[in-house]
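For reference, the structure discussed in these notes is given below.
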Amino acid sequence: MILIGEKPKRGRPQRTRLIKLRDNVWITALQLQSSLTSGYALEKAIEPHRIKRAKGHINRPRKWDNYINGTQGPGKIKSKASAVELAEALFPGSSRWFEHPIWRVLDDEPMDRYECETQIMRLDRLVTEILYEDAPGLPGQKILSPFESHVAEWLMRLGNLDGLTAILLLVRYAEAISSLELRKSALACYPSFQKSIPLTPELGPHYCELFELIDVRFKHWAFLSNSQRMDITIFRENRAEDLRKNGVVLPKSIIQEMMESIDKTAGEKD
């Protein structure tokens with residue numbers, strides 16, 4: 001809010017908690033994929049032309065150091081490749097963490113049913129194949145499958161960011177079409193991901209912040225009467241160390257089993 005007589009502040013708009021989390025997850029994922037842990041190493045690999053040596057001294061922008069310590073995000077400059085794009089050219093797939101649908105899902109801006117479906121289709125094939133089925137009488141057309149127990153179990157077994165995002169997108173979809181039953185069923189799957197998400201290397205350092213943002217955005221509904229609803233926020237904070245000891249980690253063999261099941265089903269349809 002700008003008070004009367006107060007001049008608007010110049011410069012970049014302040015980064016929100018959500019934007020900071022997105023930036024932090026991206027740089028963590030990039031460090032893991034590249035095995036380059038320091039800002040200097042990343043800068044040397046991705047933008048070596050910006051490093052100048054003169055009289056035994058190294059001069060460099062140090063923006064990659066700022067990405068790592070969280071004080072700066074990879075902004076976009078018109079007509080120039082962004083840091084995300086530059087990193088993607090050298091480490092393919094790293095931009096996925098920056099552009100993932102989870103960041104749109106956690107945004108406060110409204111989503112209609114069509115945008116929800118558009119975002120769902122951006123998720124991994126293991127998700128989209130279970131969430132969509134052939135439309136009766138419409139060859140080649142797909143519609144969302146009913147959210148039955150086998151669909152919920154499949155997504156929870158995945159336990160990854162795409163599975164979590166699918167659950168939250170279904171909550172958003174339910175809100176868009178005013179389906180209390182779908183919202184309740186989808187949101188009931190969320191606690192399952194609190195066992196697996198902290199074990200994801202890219203998300204491990206950031207899972208508490210991620211869960212807190214989800215808890216704030218996706219409140220539980222309690223109806224006091226037909227015309228009164230109470231929104232309840234339940235904050236959860238799981239300990240990664242305990243989860244590593246007691247949590248269930250999905251083996252690669254199960255992922256392979258899922259893929260083979262999808263391929264077999266696709267072959268039968270063909």
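Lettering and numbering for the structure tokens are positional, with chains as A, B, ... in the shown order, residues counted from 1 in each chain, and ligands counted from 1 in the shown order.
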Could I get the residues of stretch 65-130 of chain A with an atom no further than 12 Å from an atom of stretch 189-212 of chain A, each paired with its nearest atom pair and that distance in Å to one decimal, using only C-alpha atoms, sorted by chain and residue number, as CSV?
residue,atom,partner,partner_atom,distance
A:Gly70,CA,A:His206,CA,12.0
A:Ser94,CA,A:Glu202,CA,10.7
A:Arg96,CA,A:Glu202,CA,11.7
A:Trp97,CA,A:Glu202,CA,8.8
A:Phe98,CA,A:Glu202,CA,11.7
A:Ile102,CA,A:Leu210,CA,9.9
A:Trp103,CA,A:Leu210,CA,10.1
A:Val105,CA,A:Leu210,CA,11.9
A:Leu106,CA,A:Leu210,CA,9.4
So which residues touch A:Leu155 within 12 Å, counting only C-alpha atoms, skipping near sequence neighbours fewer than 3 positions away, as a count of residues only? 36
For A:Arg104, which of A:Leu144, A:Ser79, A:Arg183, A:Ile214 is the closest residue, counting only C-alpha atoms?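 The closest residue to A:Arg104 is A:Ile214.
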For stretch 175-179 of chain A: contacts at 7 Å, only C-alpha atoms, fewer than 6 positions along chain excluded, given as a tab-separated table (two decimals) with C-alpha atoms, in the first residue's frame:
chain	number	residue	atom	x	y	z
A	111	MET	CA	-7.46	-20.92	-11.44
A	112	ASP	CA	-10.37	-22.13	-13.52
A	113	ARG	CA	-10.90	-25.77	-14.49
Atom-to-atom span, atom CA of A:Asp107 and atom CA of A:Pro74, Å: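 Going from atom CA of A:Asp107 over to atom CA of A:Pro74 covers 18.6 Å.
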When DSSP is applied to the backbone of this structure, which of stretch 16-177 of chain A are assigned helix (DSSP H, G or I)? Write them out as a ChimeraX atom specification. /A:17-34,39-46,48-50,63-69,83-90,95-99,102-105,113-120,125-131,149-158,161-177
Written selection (C-alpha atoms) as a compact mmCIF listing (two decimals), in the first residue's frame:
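Output saved as out39.txt:
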# COMPACT_ATOMS: atom_id res chain seq x y z
CA ARG A 17 8.07 -16.29 -0.02
CA LEU A 18 6.81 -18.39 -2.90
CA ILE A 19 9.23 -16.85 -5.41
CA LYS A 20 12.13 -17.24 -2.97
CA LEU A 21 11.25 -20.88 -2.45
CA ARG A 22 11.06 -21.49 -6.19
CA ASP A 23 14.47 -19.85 -6.69
CA ASN A 24 16.02 -21.80 -3.82
CA VAL A 25 14.69 -25.15 -5.05
CA TRP A 26 15.99 -24.40 -8.55
CA ILE A 27 19.54 -23.54 -7.43
CA THR A 28 19.63 -26.58 -5.12
CA ALA A 29 18.56 -28.82 -8.00
CA LEU A 30 21.17 -27.22 -10.28
CA GLN A 31 23.93 -27.76 -7.73
CA LEU A 32 22.98 -31.42 -7.37
CA GLN A 33 22.74 -32.03 -11.10
CA SER A 34 25.97 -30.24 -11.95
CA GLY A 39 28.89 -19.81 -6.89
CA TYR A 40 32.30 -19.47 -8.48
CA ALA A 41 32.18 -22.99 -9.92
CA LEU A 42 28.72 -22.42 -11.40
CA GLU A 43 29.71 -19.04 -12.80
CA LYS A 44 32.88 -20.50 -14.30
CA ALA A 45 30.90 -23.29 -15.99
CA ILE A 46 27.84 -21.33 -17.15
CA PRO A 48 32.91 -17.98 -17.96
CA HIS A 49 33.05 -14.80 -20.10
CA ARG A 50 31.96 -12.76 -17.08
CA LYS A 63 25.43 -13.27 -8.85
CA TRP A 64 25.63 -17.08 -8.63
CA ASP A 65 26.85 -16.69 -5.05
CA ASN A 66 23.72 -14.65 -4.41
CA TYR A 67 21.53 -17.34 -5.97
CA ILE A 68 23.02 -19.89 -3.59
CA ASN A 69 22.67 -17.77 -0.45
CA ALA A 83 20.31 -17.50 -15.78
CA VAL A 84 17.76 -20.34 -15.83
CA GLU A 85 18.03 -20.61 -19.62
CA LEU A 86 21.81 -20.45 -19.55
CA ALA A 87 21.95 -23.21 -16.96
CA GLU A 88 19.44 -25.30 -18.91
CA ALA A 89 21.65 -25.16 -22.02
CA LEU A 90 24.50 -26.76 -20.07
CA SER A 95 14.88 -25.49 -15.60
CA ARG A 96 12.09 -27.94 -14.82
CA TRP A 97 12.45 -27.11 -11.14
CA PHE A 98 12.06 -23.39 -11.85
CA GLU A 99 9.11 -23.81 -14.22
CA ILE A 102 3.75 -26.42 -8.28
CA TRP A 103 4.60 -22.70 -8.22
CA ARG A 104 1.42 -21.79 -10.10
CA VAL A 105 -0.64 -24.06 -7.86
CA ARG A 113 -10.90 -25.77 -14.49
CA TYR A 114 -9.26 -25.31 -17.88
CA GLU A 115 -6.04 -23.91 -16.45
CA CYS A 116 -5.99 -26.72 -13.88
CA GLU A 117 -6.14 -29.28 -16.69
CA THR A 118 -3.48 -27.41 -18.67
CA GLN A 119 -1.15 -27.57 -15.67
CA ILE A 120 -1.95 -31.25 -15.06
CA ARG A 125 3.54 -39.22 -17.83
CA LEU A 126 3.20 -41.42 -14.74
CA VAL A 127 0.69 -38.84 -13.48
CA THR A 128 -1.20 -37.93 -16.64
CA GLU A 129 -1.74 -41.54 -17.70
CA ILE A 130 -3.56 -42.35 -14.46
CA LEU A 131 -5.51 -39.09 -14.27
CA SER A 149 -9.07 -45.06 -4.58
CA HIS A 150 -6.70 -46.63 -7.14
CA VAL A 151 -5.95 -43.18 -8.59
CA ALA A 152 -5.22 -41.74 -5.14
CA GLU A 153 -3.05 -44.74 -4.21
CA TRP A 154 -1.05 -44.46 -7.43
CA LEU A 155 -0.25 -40.79 -6.85
CA MET A 156 0.65 -41.40 -3.20
CA ARG A 157 2.91 -44.30 -4.17
CA LEU A 158 4.79 -41.97 -6.50
CA LEU A 161 6.71 -33.47 -6.55
CA ASP A 162 4.60 -34.31 -9.60
CA GLY A 163 2.34 -36.56 -7.53
CA LEU A 164 1.95 -33.87 -4.87
CA THR A 165 1.27 -31.21 -7.51
CA ALA A 166 -1.38 -33.43 -9.10
CA ILE A 167 -3.16 -33.76 -5.75
CA LEU A 168 -3.12 -29.99 -5.21
CA LEU A 169 -4.25 -29.31 -8.78
CA LEU A 170 -7.22 -31.60 -8.17
CA VAL A 171 -8.02 -29.55 -5.06
CA ARG A 172 -7.88 -26.40 -7.19
CA TYR A 173 -10.01 -28.11 -9.85
CA ALA A 174 -12.56 -29.09 -7.20
CA GLU A 175 -12.72 -25.49 -6.00
CA ALA A 176 -13.24 -24.31 -9.58
CA ILE A 177 -16.19 -26.68 -10.14
Which of stretch 50-252 of chain A counts as strand (DSSP E) under DSSP, as a list in words please?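 DSSP-assigned strand (DSSP E) residues in stretch 50-252 of chain A: Lys52, Arg53, Ala54, His57, Ile58, Asn59, Tyr132, Glu133, Asp134, Lys142, Ile143, Leu144, His220, Trp221, Ala222, Phe223, Leu224, Ser225, Gln228, Arg229, Met230, Asp231 and Ile232 of chain A.
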Selection from above, N, CA and C atoms, as a short mmCIF file (atom, residue, chain, number, x, y, z; two decimals), in the first residue's frame, can you write it?
data_model
loop_
_atom_site.label_atom_id
_atom_site.label_comp_id
_atom_site.auth_asym_id
_atom_site.auth_seq_id
_atom_site.Cartn_x
_atom_site.Cartn_y
_atom_site.Cartn_z
N LYS A 52 36.76 -12.05 -15.12
CA LYS A 52 37.92 -11.32 -15.64
C LYS A 52 39.10 -11.48 -14.68
N ARG A 53 40.26 -11.67 -15.24
CA ARG A 53 41.48 -11.78 -14.44
C ARG A 53 42.42 -10.64 -14.81
N ALA A 54 42.87 -9.96 -13.80
CA ALA A 54 43.79 -8.84 -14.03
C ALA A 54 44.72 -8.68 -12.84
N HIS A 57 44.26 -10.83 -9.81
CA HIS A 57 42.98 -10.78 -9.13
C HIS A 57 41.85 -11.26 -10.06
N ILE A 58 40.82 -11.83 -9.45
CA ILE A 58 39.65 -12.30 -10.21
C ILE A 58 38.49 -11.36 -9.93
N ASN A 59 37.94 -10.80 -10.98
CA ASN A 59 36.76 -9.94 -10.86
C ASN A 59 35.57 -10.65 -11.51
N TYR A 132 -6.08 -39.41 -16.61
CA TYR A 132 -6.94 -39.25 -17.79
C TYR A 132 -7.33 -40.60 -18.37
N GLU A 133 -8.52 -40.63 -18.94
CA GLU A 133 -9.01 -41.82 -19.61
C GLU A 133 -9.67 -41.42 -20.93
N ASP A 134 -9.87 -42.38 -21.82
CA ASP A 134 -10.50 -42.10 -23.11
C ASP A 134 -11.94 -41.62 -22.92
N LYS A 142 -9.41 -37.21 -24.43
CA LYS A 142 -9.20 -37.66 -23.06
C LYS A 142 -10.00 -36.79 -22.10
N ILE A 143 -10.48 -37.41 -21.02
CA ILE A 143 -11.17 -36.68 -19.96
C ILE A 143 -10.58 -37.11 -18.62
N LEU A 144 -10.74 -36.26 -17.61
CA LEU A 144 -10.25 -36.61 -16.29
C LEU A 144 -10.97 -37.85 -15.75
N HIS A 220 -8.24 -26.47 5.50
CA HIS A 220 -9.34 -27.43 5.67
C HIS A 220 -10.64 -26.65 5.92
N TRP A 221 -11.71 -27.17 5.38
CA TRP A 221 -13.02 -26.52 5.52
C TRP A 221 -13.84 -27.23 6.59
N ALA A 222 -14.38 -26.46 7.52
CA ALA A 222 -15.30 -26.98 8.52
C ALA A 222 -16.59 -26.17 8.42
N PHE A 223 -17.70 -26.84 8.21
CA PHE A 223 -18.98 -26.16 8.01
C PHE A 223 -19.74 -26.11 9.33
N LEU A 224 -19.94 -24.89 9.82
CA LEU A 224 -20.67 -24.68 11.07
C LEU A 224 -22.17 -24.77 10.84
N SER A 225 -22.59 -24.43 9.62
CA SER A 225 -23.99 -24.54 9.22
C SER A 225 -24.02 -24.54 7.69
N GLN A 228 -22.37 -21.18 6.82
CA GLN A 228 -21.16 -20.73 7.50
C GLN A 228 -20.04 -21.76 7.35
N ARG A 229 -18.89 -21.29 6.89
CA ARG A 229 -17.73 -22.17 6.73
C ARG A 229 -16.54 -21.59 7.49
N MET A 230 -15.83 -22.44 8.17
CA MET A 230 -14.62 -22.02 8.88
C MET A 230 -13.42 -22.63 8.16
N ASP A 231 -12.41 -21.78 7.86
CA ASP A 231 -11.18 -22.26 7.25
C ASP A 231 -10.16 -22.54 8.34
N ILE A 232 -9.63 -23.76 8.35
CA ILE A 232 -8.70 -24.19 9.39
C ILE A 232 -7.34 -24.50 8.77
#
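Note that the spacing between atom CA of A:Thr71 and atom CA of A:Gly93 amounts to 23.7 Å.
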